[in-house]
>>> print(open('entry31.txt').read())   # compact mmCIF, C-alpha atoms
# COMPACT_ATOMS: atom_id res chain seq x y z
CA MET A 1058 -27.12 -63.06 -13.62
CA PRO A 1059 -29.23 -59.97 -12.90
CA LEU A 1060 -28.32 -58.00 -9.82
CA ASP A 1061 -30.65 -57.95 -6.86
CA ALA A 1062 -32.97 -54.95 -7.37
CA SER A 1063 -33.51 -54.74 -3.63
CA PHE A 1064 -30.10 -53.02 -3.46
CA VAL A 1065 -31.62 -49.85 -4.93
CA GLY A 1066 -31.74 -47.19 -2.23
CA ARG A 1067 -29.24 -48.97 -0.03
CA THR A 1068 -26.41 -46.86 1.35
CA TRP A 1069 -22.97 -47.86 2.59
CA PRO A 1070 -21.09 -46.55 5.65
CA ALA A 1071 -19.85 -42.98 5.20
CA ARG A 1072 -16.19 -42.40 4.36
CA THR A 1073 -14.30 -39.24 5.21
CA TYR A 1074 -11.56 -37.71 3.06
CA ARG A 1075 -9.32 -34.76 3.87
CA VAL A 1076 -8.44 -32.75 0.75
CA GLY A 1077 -4.69 -32.09 0.72
CA ALA A 1078 -3.05 -29.18 -1.07
CA GLU A 1079 -0.37 -31.35 -2.65
CA LYS A 1080 -2.98 -33.77 -4.00
CA VAL A 1081 -4.86 -30.83 -5.51
CA ARG A 1082 -1.63 -29.56 -7.11
CA GLU A 1083 -0.79 -33.02 -8.46
CA PHE A 1084 -4.28 -33.49 -9.91
CA ALA A 1085 -4.29 -29.99 -11.43
CA ARG A 1086 -0.99 -30.69 -13.19
CA ALA A 1087 -2.34 -34.00 -14.52
CA VAL A 1088 -5.40 -32.39 -16.13
CA GLY A 1089 -3.76 -29.23 -17.48
CA ALA A 1090 -5.34 -26.91 -14.92
CA THR A 1091 -2.69 -24.18 -15.02
CA ASP A 1092 -4.41 -21.29 -13.22
CA ALA A 1093 -2.49 -20.26 -10.11
CA VAL A 1094 -5.54 -20.81 -7.86
CA HIS A 1095 -4.91 -24.55 -8.17
CA THR A 1096 -1.34 -24.37 -6.88
CA ASP A 1097 -0.71 -21.05 -5.09
CA VAL A 1098 -2.50 -20.42 -1.79
CA GLU A 1099 -2.09 -16.65 -2.07
CA ALA A 1100 -3.59 -16.61 -5.57
CA ALA A 1101 -6.47 -18.74 -4.31
CA ARG A 1102 -7.11 -16.35 -1.39
CA VAL A 1103 -7.03 -13.31 -3.66
CA ALA A 1104 -9.72 -15.05 -5.74
CA GLY A 1105 -11.83 -15.53 -2.61
CA HIS A 1106 -11.04 -19.14 -1.75
CA ALA A 1107 -9.83 -20.52 1.58
CA ASP A 1108 -7.04 -22.56 -0.01
CA VAL A 1109 -5.92 -24.01 -3.36
CA VAL A 1110 -8.92 -24.90 -5.54
CA ALA A 1111 -9.48 -28.42 -6.85
CA PRO A 1112 -10.36 -28.80 -10.56
CA PRO A 1113 -14.03 -29.72 -11.22
CA THR A 1114 -13.48 -33.46 -11.61
CA PHE A 1115 -11.13 -33.79 -8.62
CA PRO A 1116 -13.89 -35.34 -6.46
CA VAL A 1117 -13.46 -38.53 -8.47
CA VAL A 1118 -10.35 -39.13 -6.33
CA PHE A 1119 -12.46 -39.91 -3.26
CA THR A 1120 -15.91 -40.67 -4.72
CA TRP A 1121 -14.48 -43.41 -6.95
CA GLU A 1122 -12.63 -44.93 -4.03
CA ALA A 1123 -15.88 -44.98 -2.04
CA THR A 1124 -17.82 -46.39 -4.99
CA ARG A 1125 -15.20 -49.03 -5.66
CA GLU A 1126 -15.66 -50.35 -2.15
CA VAL A 1127 -19.35 -50.86 -2.91
CA VAL A 1128 -18.65 -52.37 -6.32
CA ASP A 1129 -16.41 -54.88 -4.60
CA ASP A 1130 -19.08 -55.79 -2.01
CA PRO A 1131 -19.72 -59.46 -2.82
CA ALA A 1132 -23.36 -59.01 -1.79
CA LEU A 1133 -23.96 -56.74 -4.78
CA GLY A 1134 -22.65 -59.38 -7.17
CA LEU A 1135 -20.97 -57.11 -9.72
CA ASP A 1136 -17.83 -58.56 -11.33
CA PHE A 1137 -15.37 -55.64 -11.42
CA THR A 1138 -13.20 -57.28 -14.06
CA ARG A 1139 -16.14 -56.91 -16.47
CA VAL A 1140 -17.11 -53.38 -15.45
CA VAL A 1141 -17.11 -50.43 -17.85
CA HIS A 1142 -17.63 -46.82 -16.71
CA ARG A 1143 -20.49 -45.53 -18.88
CA ASP A 1144 -21.66 -42.21 -17.43
CA GLN A 1145 -20.35 -39.72 -14.91
CA SER A 1146 -21.70 -36.49 -13.54
CA PHE A 1147 -20.71 -33.93 -10.93
CA GLU A 1148 -23.03 -31.36 -9.41
CA LEU A 1149 -20.86 -28.92 -7.47
CA HIS A 1150 -22.57 -26.69 -4.93
CA ARG A 1151 -19.24 -24.98 -4.36
CA PRO A 1152 -15.64 -25.62 -5.39
CA VAL A 1153 -13.68 -28.16 -3.37
CA VAL A 1154 -10.60 -26.63 -1.74
CA ALA A 1155 -7.62 -27.96 0.17
CA GLY A 1156 -8.44 -28.38 3.85
CA ASP A 1157 -11.96 -29.58 3.17
CA VAL A 1158 -12.94 -32.58 5.26
CA LEU A 1159 -15.55 -34.31 3.15
CA THR A 1160 -17.82 -37.20 3.94
CA THR A 1161 -19.09 -39.42 1.13
CA VAL A 1162 -22.13 -41.65 1.34
CA VAL A 1163 -22.65 -44.01 -1.57
CA THR A 1164 -26.16 -45.09 -2.56
CA VAL A 1165 -27.26 -47.50 -5.26
CA ALA A 1166 -29.54 -45.18 -7.23
CA GLU A 1167 -30.67 -47.51 -9.99
CA ILE A 1168 -30.22 -51.06 -11.23
CA LYS A 1169 -31.22 -52.05 -14.74
CA GLU A 1170 -30.53 -54.82 -17.17
CA LEU A 1171 -29.78 -53.92 -20.78
CA ALA A 1172 -29.24 -56.68 -23.31
CA GLY A 1173 -28.06 -59.01 -20.58
CA ASN A 1174 -25.67 -56.45 -19.08
CA ASP A 1175 -26.00 -55.19 -15.53
CA VAL A 1176 -26.31 -51.39 -15.41
CA VAL A 1177 -25.84 -49.83 -11.98
CA THR A 1178 -25.95 -46.15 -11.08
CA PHE A 1179 -24.15 -45.12 -7.91
CA ARG A 1180 -24.80 -41.77 -6.28
CA CYS A 1181 -22.26 -40.18 -3.95
CA ASP A 1182 -23.54 -37.46 -1.62
CA VAL A 1183 -20.63 -35.43 -0.30
CA THR A 1184 -21.06 -33.17 2.73
CA ASP A 1185 -18.89 -30.99 4.95
CA PRO A 1186 -18.51 -31.51 8.73
CA ASP A 1187 -21.65 -29.39 9.32
CA GLY A 1188 -23.64 -31.70 7.08
CA VAL A 1189 -23.92 -29.10 4.33
CA ALA A 1190 -24.04 -30.58 0.84
CA VAL A 1191 -20.84 -29.86 -1.13
CA LEU A 1192 -21.41 -31.97 -4.23
CA VAL A 1193 -23.23 -34.91 -5.73
CA SER A 1194 -21.39 -37.32 -7.98
CA THR A 1195 -23.11 -40.07 -9.95
CA ALA A 1196 -21.46 -42.87 -11.87
CA THR A 1197 -23.15 -45.45 -14.05
CA LEU A 1198 -21.23 -48.68 -14.47
CA VAL A 1199 -22.01 -51.52 -16.84
CA GLY A 1200 -21.15 -55.05 -15.85
CA ARG A 1201 -20.80 -56.76 -19.21
CA ALA A 1202 -22.54 -60.10 -19.45
CA GLY A 1203 -20.25 -63.09 -19.15
CA ALA A 1204 -20.05 -65.95 -21.66
CA ASP A 1205 -22.36 -67.97 -19.44
CA ALA A 1206 -25.01 -65.24 -19.18
CA MET B 796 -13.35 -12.51 -14.20
CA SER B 797 -16.62 -13.12 -15.95
CA VAL B 798 -18.14 -15.56 -18.36
CA PRO B 799 -17.96 -14.18 -21.92
CA ALA B 800 -21.22 -12.80 -23.30
CA VAL B 801 -22.73 -15.45 -25.55
CA SER B 802 -26.03 -16.39 -27.17
CA VAL B 803 -27.68 -19.73 -27.69
CA GLY B 804 -26.10 -21.44 -30.68
CA ASP B 805 -22.70 -19.79 -30.32
CA GLU B 806 -19.77 -22.15 -30.72
CA LEU B 807 -16.61 -21.98 -28.65
CA GLU B 808 -13.29 -22.14 -30.42
CA ASN B 809 -12.07 -25.74 -30.54
CA ARG B 810 -9.10 -26.89 -28.52
CA PRO B 811 -6.92 -29.84 -29.56
CA VAL B 812 -5.42 -31.76 -26.64
CA THR B 813 -2.76 -34.39 -27.17
CA LEU B 814 -2.39 -37.33 -24.81
CA THR B 815 0.71 -39.49 -24.57
CA ARG B 816 1.36 -42.55 -22.44
CA ALA B 817 3.19 -40.28 -19.99
CA ASP B 818 0.01 -38.21 -19.56
CA LEU B 819 -1.95 -41.38 -18.80
CA VAL B 820 0.58 -42.55 -16.23
CA ARG B 821 0.56 -39.14 -14.58
CA TYR B 822 -3.25 -39.08 -14.43
CA ALA B 823 -3.29 -42.64 -13.07
CA GLY B 824 -1.11 -41.52 -10.18
CA ALA B 825 -2.98 -38.28 -9.56
CA SER B 826 -6.44 -39.84 -9.66
CA GLY B 827 -5.63 -43.16 -8.02
CA ASP B 828 -7.12 -45.09 -10.97
CA LEU B 829 -4.29 -47.54 -11.58
CA ASN B 830 -6.20 -49.88 -13.89
CA PRO B 831 -3.45 -51.31 -16.15
CA ILE B 832 -5.60 -50.94 -19.28
CA HIS B 833 -4.48 -47.28 -19.10
CA TRP B 834 -0.75 -48.01 -19.24
CA ASN B 835 -0.11 -51.67 -20.05
CA GLU B 836 -0.55 -52.90 -23.64
CA ARG B 837 -0.52 -56.55 -22.61
CA THR B 838 -3.41 -56.09 -20.18
CA ALA B 839 -5.37 -53.84 -22.53
CA THR B 840 -5.26 -56.26 -25.45
CA ALA B 841 -5.95 -59.24 -23.18
CA VAL B 842 -9.34 -57.74 -22.28
CA GLY B 843 -10.17 -57.09 -25.93
CA LEU B 844 -9.19 -53.45 -26.29
CA PRO B 845 -7.31 -52.27 -29.39
CA GLY B 846 -4.53 -50.96 -27.15
CA VAL B 847 -3.87 -48.81 -24.11
CA ILE B 848 -6.76 -46.36 -23.68
CA ALA B 849 -7.03 -43.03 -21.90
CA HIS B 850 -9.09 -42.85 -18.72
CA GLY B 851 -12.59 -41.64 -19.62
CA MET B 852 -12.28 -39.48 -16.53
CA LEU B 853 -9.12 -37.88 -17.95
CA THR B 854 -10.98 -36.92 -21.12
CA MET B 855 -13.79 -35.56 -18.96
CA ALA B 856 -11.30 -33.60 -16.85
CA LEU B 857 -9.73 -32.07 -19.96
CA ALA B 858 -13.16 -31.13 -21.27
CA ALA B 859 -14.05 -29.56 -17.92
CA GLN B 860 -10.78 -27.63 -18.03
CA PHE B 861 -11.58 -26.40 -21.54
CA VAL B 862 -14.88 -25.06 -20.19
CA ALA B 863 -13.32 -23.48 -17.08
CA ASP B 864 -10.65 -21.78 -19.19
CA TRP B 865 -13.32 -20.39 -21.52
CA ALA B 866 -15.31 -19.12 -18.52
CA GLY B 867 -12.23 -17.30 -17.27
CA ASP B 868 -12.79 -18.63 -13.77
CA PRO B 869 -11.24 -21.90 -12.52
CA ALA B 870 -14.13 -22.28 -10.05
CA ALA B 871 -16.96 -21.52 -12.49
CA VAL B 872 -17.95 -25.07 -13.44
CA ARG B 873 -21.12 -25.88 -11.51
CA SER B 874 -21.94 -29.18 -13.11
CA PHE B 875 -20.63 -31.52 -15.75
CA SER B 876 -22.11 -34.76 -16.94
CA THR B 877 -21.11 -37.05 -19.75
CA ARG B 878 -21.25 -40.53 -21.25
CA PHE B 879 -18.08 -42.33 -22.27
CA THR B 880 -19.03 -43.44 -25.77
CA ARG B 881 -15.76 -44.83 -27.12
CA PRO B 882 -12.20 -45.23 -25.92
CA VAL B 883 -9.27 -43.01 -26.92
CA VAL B 884 -6.46 -45.37 -27.90
CA VAL B 885 -3.09 -43.87 -27.00
CA PRO B 886 -0.17 -45.33 -28.98
CA ASP B 887 3.23 -46.00 -27.44
CA ASP B 888 4.97 -43.15 -29.26
CA ASP B 889 5.79 -39.49 -28.70
CA ALA B 890 2.97 -38.21 -30.91
CA GLY B 891 0.19 -39.71 -28.77
CA ALA B 892 -3.49 -39.24 -29.59
CA THR B 893 -5.19 -35.92 -30.19
CA VAL B 894 -8.71 -35.17 -28.99
CA ILE B 895 -10.51 -32.09 -30.30
CA LEU B 896 -12.63 -30.39 -27.64
CA GLY B 897 -15.48 -28.07 -28.56
CA ALA B 898 -18.73 -26.69 -27.19
CA THR B 899 -21.97 -25.02 -28.25
CA VAL B 900 -24.05 -22.69 -26.07
CA LYS B 901 -27.32 -24.43 -25.23
CA ALA B 902 -28.82 -21.96 -22.77
CA VAL B 903 -28.10 -18.65 -21.06
CA ASP B 904 -30.02 -18.13 -17.83
CA ASP B 905 -31.18 -14.89 -16.24
CA ASP B 906 -28.49 -15.22 -13.57
CA GLY B 907 -25.84 -15.33 -16.28
CA SER B 908 -25.09 -19.03 -15.99
CA VAL B 909 -24.39 -20.74 -19.30
CA THR B 910 -25.21 -24.29 -20.33
CA LEU B 911 -22.79 -25.79 -22.86
CA GLY B 912 -23.09 -28.89 -24.98
CA VAL B 913 -19.52 -30.16 -25.00
CA THR B 914 -17.95 -32.31 -27.70
CA ALA B 915 -14.77 -34.39 -27.75
CA VAL B 916 -13.68 -36.02 -31.00
CA GLY B 917 -11.00 -38.72 -31.03
CA PRO B 918 -8.22 -39.34 -33.57
CA ASP B 919 -10.57 -41.43 -35.76
CA GLY B 920 -13.02 -38.52 -36.08
CA LYS B 921 -15.63 -40.11 -33.81
CA ALA B 922 -17.09 -38.71 -30.60
CA VAL B 923 -15.51 -40.05 -27.42
CA LEU B 924 -17.88 -38.18 -25.09
CA GLY B 925 -21.64 -38.28 -25.52
CA LYS B 926 -24.41 -36.15 -24.02
CA ALA B 927 -21.71 -33.99 -22.42
CA VAL B 928 -23.27 -30.98 -20.72
CA ALA B 929 -21.55 -28.39 -18.57
CA VAL B 930 -23.09 -25.51 -16.64
CA VAL B 931 -20.89 -22.57 -15.70
CA ARG B 932 -21.75 -19.96 -13.12
CA GLY B 933 -22.35 -16.42 -14.27
CA ARG B 934 -21.17 -13.34 -12.43
>>> encode(input="entry31.txt", output="structure tokens")
Amino acid sequence: MPLDASFVGRTWPARTYRVGAEKVREFARAVGATDAVHTDVEAARVAGHADVVAPPTFPVVFTWEATREVVDDPALGLDFTRVVHRDQSFELHRPVVAGDVLTTVVTVAEIKELAGNDVVTFRCDVTDPDGVAVLVSTATLVGRAGADA
Amino acid sequence: MSVPAVSVGDELENRPVTLTRADLVRYAGASGDLNPIHWNERTATAVGLPGVIAHGMLTMALAAQFVADWAGDPAAVRSFSTRFTRPVVVPDDDAGATVILGATVKAVDDDGSVTLGVTAVGPDGKAVLGKAVAVVRGR
């Protein structure tokens, strides 16, 4: 069943995430980011950063969690068990560092139907406590058509 | 640290990256994406996959790391976008699955920033990332 196009442009309540140094270190190890700025505060400061630097795709840790909450909103009508992640992008205005307190607002940017599949693009706008944009993350998910579609 | 001098059309040296089940489990924990299709054969095959597959986001992260390492600055990646075109099946053995990462210079801007078309080829020789584009900051 096609999703309700009136959801395009709708936003969900903001979620706040505090970036922890140990989470940054753990993520860096998991993606082979071996530069000392990811794990050593002193090395990060020498390189001009306030604290250990998150790898470029680290924001998925909190933007996906925020997006998942929307995906699971029964009102949207997307069946997560049939969802495939098709596209992902990050636009980083600056690197994310430990100590950042980041607020994510999820918006449904686009809803399409392709060959009976629901295609939904979610946009996450991430800002700092002063409201300054830190990054934009977009994810396009495909809800594969069920047998009864 | 500065981005190497390059011209449009230049190709970066490829980097092979090998993923084992242990790498997938570690990424699952680090990212919070605990979907069992990334570590449980039974679940993966039940939903029609050929086996346990790597997180698309892990492949993207490795490609972003490849770009950051080339740039010589861990904070140089300004944007990265990609499509997940096919799954990387990771067998339950010590050899794992190898993905070959590569990139071609698409644009060099006046401010020194470089746009790269990034490629990632799976063990079967087919692209696992599509339309992958990264922009790194110049100095």
>>> atom_distance(input="entry31.txt", atom1="CA of Val1081 in chain A", atom2="CA of Thr1096 in chain A")
7.5 Å
>>> closest_residue(input="entry31.txt", among="A:Ala1107, A:His1150, A:Arg1143, A:Val1065", to="Ala1078 in chain A", atoms="only C-alpha atoms")
A:Ala1107
>>> interface_residues(input="entry31.txt", of="chain A", to="chain B", cutoff="7 Å", atoms="all atoms listed in the file", output="ChimeraX atom specification")
/A:1083-1084,1087-1088,1090,1092,1113-1114,1118,1143-1150,1152
>>> atom_distance(input="entry31.txt", atom1="CA of Gly933 in chain B", atom2="CA of Ser908 in chain B")
4.2 Å
>>> residues_around(input="entry31.txt", residues="range 915-921 of chain B", least_positions_apart="4", cutoff="6 Å", atoms="all atoms listed in the file", output="JSON, numbers by chain")
{"B": [893, 894, 895, 896]}
>>> write_last_selection(input="entry31.txt", atoms="C-alpha atoms", output="short mmCIF file (atom, residue, chain, number, x, y, z; two decimals), in the coordinates of the input")
data_model
loop_
_atom_site.label_atom_id
_atom_site.label_comp_id
_atom_site.auth_asym_id
_atom_site.auth_seq_id
_atom_site.Cartn_x
_atom_site.Cartn_y
_atom_site.Cartn_z
CA THR B 893 -5.19 -35.92 -30.19
CA VAL B 894 -8.71 -35.17 -28.99
CA ILE B 895 -10.51 -32.09 -30.30
CA LEU B 896 -12.63 -30.39 -27.64
#
>>> residues_around(input="entry31.txt", residues="Ala1071 in chain A", least_positions_apart="4", cutoff="9 Å", atoms="all atoms listed in the file", output="number ranges by chain")
A: 1123, 1160-1163
>>> atom_distance(input="entry31.txt", atom1="CA of Trp1121 in chain A", atom2="CA of Ser1194 in chain A")
9.3 Å
>>> residues_near_point(input="entry31.txt", point="(-21.5, -49.0, -3.3)", cutoff="10 Å", atoms="only C-alpha atoms", output="NGL selection string")
:A and (1064 or 1067-1070 or 1121-1130 or 1133 or 1162-1166 or 1177-1181)
>>> closest_residue(input="entry31.txt", among="B:Ala866, B:Ala800, B:Ile848, B:Gly897", to="Gly912 in chain B", atoms="all atoms listed in the file")
B:Gly897
>>> closest_residue(input="entry31.txt", among="B:Leu844, B:Val923, B:Ala849, B:Val909", to="Asp805 in chain B", atoms="all atoms listed in the file")
B:Val909
>>> residues_around(input="entry31.txt", residues="Val900 in chain B", least_positions_apart="2", cutoff="7 Å", atoms="all atoms listed in the file", output="list of chain:residue names")
B:Ser802, B:Val803, B:Gly804, B:Asp805, B:Glu806, B:Ala898, B:Ala902, B:Thr910, B:Leu911, B:Gly912
>>> build_atoms(input="entry31.txt", residues="range 820-844 of chain B", atoms="N, CA, C and O atoms", output="PDB file, in the frame of the given file")
ATOM      1  N   VAL B 820      -0.068 -42.079 -17.457  1.00  0.00           N
ATOM      2  CA  VAL B 820       0.580 -42.550 -16.230  1.00  0.00           C
ATOM      3  C   VAL B 820       0.460 -41.480 -15.142  1.00  0.00           C
ATOM      4  O   VAL B 820       0.160 -41.769 -13.981  1.00  0.00           O
ATOM      5  N   ARG B 821       0.659 -40.221 -15.543  1.00  0.00           N
ATOM      6  CA  ARG B 821       0.560 -39.140 -14.580  1.00  0.00           C
ATOM      7  C   ARG B 821      -0.864 -39.026 -14.026  1.00  0.00           C
ATOM      8  O   ARG B 821      -1.072 -38.846 -12.824  1.00  0.00           O
ATOM      9  N   TYR B 822      -1.870 -39.159 -14.913  1.00  0.00           N
ATOM     10  CA  TYR B 822      -3.250 -39.080 -14.430  1.00  0.00           C
ATOM     11  C   TYR B 822      -3.583 -40.281 -13.539  1.00  0.00           C
ATOM     12  O   TYR B 822      -4.309 -40.142 -12.546  1.00  0.00           O
ATOM     13  N   ALA B 823      -3.047 -41.448 -13.895  1.00  0.00           N
ATOM     14  CA  ALA B 823      -3.290 -42.640 -13.070  1.00  0.00           C
ATOM     15  C   ALA B 823      -2.831 -42.378 -11.637  1.00  0.00           C
ATOM     16  O   ALA B 823      -3.548 -42.652 -10.677  1.00  0.00           O
ATOM     17  N   GLY B 824      -1.639 -41.802 -11.504  1.00  0.00           N
ATOM     18  CA  GLY B 824      -1.110 -41.520 -10.180  1.00  0.00           C
ATOM     19  C   GLY B 824      -1.923 -40.450  -9.462  1.00  0.00           C
ATOM     20  O   GLY B 824      -2.232 -40.576  -8.272  1.00  0.00           O
ATOM     21  N   ALA B 825      -2.268 -39.408 -10.186  1.00  0.00           N
ATOM     22  CA  ALA B 825      -2.980 -38.280  -9.560  1.00  0.00           C
ATOM     23  C   ALA B 825      -4.387 -38.661  -9.140  1.00  0.00           C
ATOM     24  O   ALA B 825      -4.895 -38.189  -8.126  1.00  0.00           O
ATOM     25  N   SER B 826      -5.037 -39.510  -9.929  1.00  0.00           N
ATOM     26  CA  SER B 826      -6.440 -39.840  -9.660  1.00  0.00           C
ATOM     27  C   SER B 826      -6.576 -41.074  -8.775  1.00  0.00           C
ATOM     28  O   SER B 826      -7.619 -41.276  -8.163  1.00  0.00           O
ATOM     29  N   GLY B 827      -5.546 -41.910  -8.763  1.00  0.00           N
ATOM     30  CA  GLY B 827      -5.630 -43.160  -8.020  1.00  0.00           C
ATOM     31  C   GLY B 827      -6.245 -44.295  -8.823  1.00  0.00           C
ATOM     32  O   GLY B 827      -6.417 -45.390  -8.325  1.00  0.00           O
ATOM     33  N   ASP B 828      -6.576 -44.029 -10.105  1.00  0.00           N
ATOM     34  CA  ASP B 828      -7.120 -45.090 -10.970  1.00  0.00           C
ATOM     35  C   ASP B 828      -5.950 -45.762 -11.682  1.00  0.00           C
ATOM     36  O   ASP B 828      -5.483 -45.298 -12.714  1.00  0.00           O
ATOM     37  N   LEU B 829      -5.492 -46.861 -11.082  1.00  0.00           N
ATOM     38  CA  LEU B 829      -4.290 -47.540 -11.580  1.00  0.00           C
ATOM     39  C   LEU B 829      -4.596 -48.713 -12.493  1.00  0.00           C
ATOM     40  O   LEU B 829      -3.730 -49.545 -12.754  1.00  0.00           O
ATOM     41  N   ASN B 830      -5.827 -48.782 -12.991  1.00  0.00           N
ATOM     42  CA  ASN B 830      -6.200 -49.880 -13.890  1.00  0.00           C
ATOM     43  C   ASN B 830      -5.167 -49.989 -15.017  1.00  0.00           C
ATOM     44  O   ASN B 830      -4.934 -49.030 -15.750  1.00  0.00           O
ATOM     45  N   PRO B 831      -4.538 -51.181 -15.160  1.00  0.00           N
ATOM     46  CA  PRO B 831      -3.450 -51.310 -16.150  1.00  0.00           C
ATOM     47  C   PRO B 831      -3.880 -51.128 -17.603  1.00  0.00           C
ATOM     48  O   PRO B 831      -3.011 -50.919 -18.459  1.00  0.00           O
ATOM     49  N   ILE B 832      -5.179 -51.170 -17.894  1.00  0.00           N
ATOM     50  CA  ILE B 832      -5.600 -50.940 -19.280  1.00  0.00           C
ATOM     51  C   ILE B 832      -5.224 -49.521 -19.723  1.00  0.00           C
ATOM     52  O   ILE B 832      -5.226 -49.223 -20.910  1.00  0.00           O
ATOM     53  N   HIS B 833      -4.857 -48.652 -18.764  1.00  0.00           N
ATOM     54  CA  HIS B 833      -4.480 -47.280 -19.100  1.00  0.00           C
ATOM     55  C   HIS B 833      -2.968 -47.090 -19.233  1.00  0.00           C
ATOM     56  O   HIS B 833      -2.510 -45.970 -19.439  1.00  0.00           O
ATOM     57  N   TRP B 834      -2.203 -48.171 -19.066  1.00  0.00           N
ATOM     58  CA  TRP B 834      -0.750 -48.010 -19.240  1.00  0.00           C
ATOM     59  C   TRP B 834      -0.044 -49.278 -19.692  1.00  0.00           C
ATOM     60  O   TRP B 834       1.127 -49.242 -20.053  1.00  0.00           O
ATOM     61  N   ASN B 835      -0.759 -50.401 -19.735  1.00  0.00           N
ATOM     62  CA  ASN B 835      -0.110 -51.670 -20.050  1.00  0.00           C
ATOM     63  C   ASN B 835      -0.776 -52.328 -21.272  1.00  0.00           C
ATOM     64  O   ASN B 835      -1.915 -52.780 -21.202  1.00  0.00           O
ATOM     65  N   GLU B 836      -0.038 -52.360 -22.376  1.00  0.00           N
ATOM     66  CA  GLU B 836      -0.550 -52.900 -23.640  1.00  0.00           C
ATOM     67  C   GLU B 836      -1.026 -54.342 -23.486  1.00  0.00           C
ATOM     68  O   GLU B 836      -2.072 -54.736 -24.007  1.00  0.00           O
ATOM     69  N   ARG B 837      -0.234 -55.120 -22.772  1.00  0.00           N
ATOM     70  CA  ARG B 837      -0.520 -56.550 -22.610  1.00  0.00           C
ATOM     71  C   ARG B 837      -1.885 -56.739 -21.942  1.00  0.00           C
ATOM     72  O   ARG B 837      -2.710 -57.531 -22.404  1.00  0.00           O
ATOM     73  N   THR B 838      -2.128 -55.983 -20.889  1.00  0.00           N
ATOM     74  CA  THR B 838      -3.410 -56.090 -20.180  1.00  0.00           C
ATOM     75  C   THR B 838      -4.549 -55.570 -21.043  1.00  0.00           C
ATOM     76  O   THR B 838      -5.615 -56.180 -21.114  1.00  0.00           O
ATOM     77  N   ALA B 839      -4.304 -54.449 -21.718  1.00  0.00           N
ATOM     78  CA  ALA B 839      -5.370 -53.840 -22.530  1.00  0.00           C
ATOM     79  C   ALA B 839      -5.825 -54.788 -23.628  1.00  0.00           C
ATOM     80  O   ALA B 839      -7.028 -55.009 -23.812  1.00  0.00           O
ATOM     81  N   THR B 840      -4.868 -55.380 -24.342  1.00  0.00           N
ATOM     82  CA  THR B 840      -5.260 -56.260 -25.450  1.00  0.00           C
ATOM     83  C   THR B 840      -5.857 -57.562 -24.928  1.00  0.00           C
ATOM     84  O   THR B 840      -6.738 -58.138 -25.554  1.00  0.00           O
ATOM     85  N   ALA B 841      -5.411 -57.995 -23.749  1.00  0.00           N
ATOM     86  CA  ALA B 841      -5.950 -59.240 -23.180  1.00  0.00           C
ATOM     87  C   ALA B 841      -7.435 -59.116 -22.866  1.00  0.00           C
ATOM     88  O   ALA B 841      -8.161 -60.111 -22.879  1.00  0.00           O
ATOM     89  N   VAL B 842      -7.914 -57.901 -22.576  1.00  0.00           N
ATOM     90  CA  VAL B 842      -9.340 -57.740 -22.280  1.00  0.00           C
ATOM     91  C   VAL B 842     -10.109 -57.265 -23.517  1.00  0.00           C
ATOM     92  O   VAL B 842     -11.254 -56.824 -23.418  1.00  0.00           O
ATOM     93  N   GLY B 843      -9.452 -57.342 -24.684  1.00  0.00           N
ATOM     94  CA  GLY B 843     -10.170 -57.090 -25.930  1.00  0.00           C
ATOM     95  C   GLY B 843     -10.125 -55.661 -26.435  1.00  0.00           C
ATOM     96  O   GLY B 843     -10.815 -55.319 -27.402  1.00  0.00           O
ATOM     97  N   LEU B 844      -9.310 -54.829 -25.804  1.00  0.00           N
ATOM     98  CA  LEU B 844      -9.190 -53.450 -26.290  1.00  0.00           C
ATOM     99  C   LEU B 844      -8.159 -53.395 -27.416  1.00  0.00           C
ATOM    100  O   LEU B 844      -7.268 -54.234 -27.492  1.00  0.00           O
TER     101      LEU B 844
END
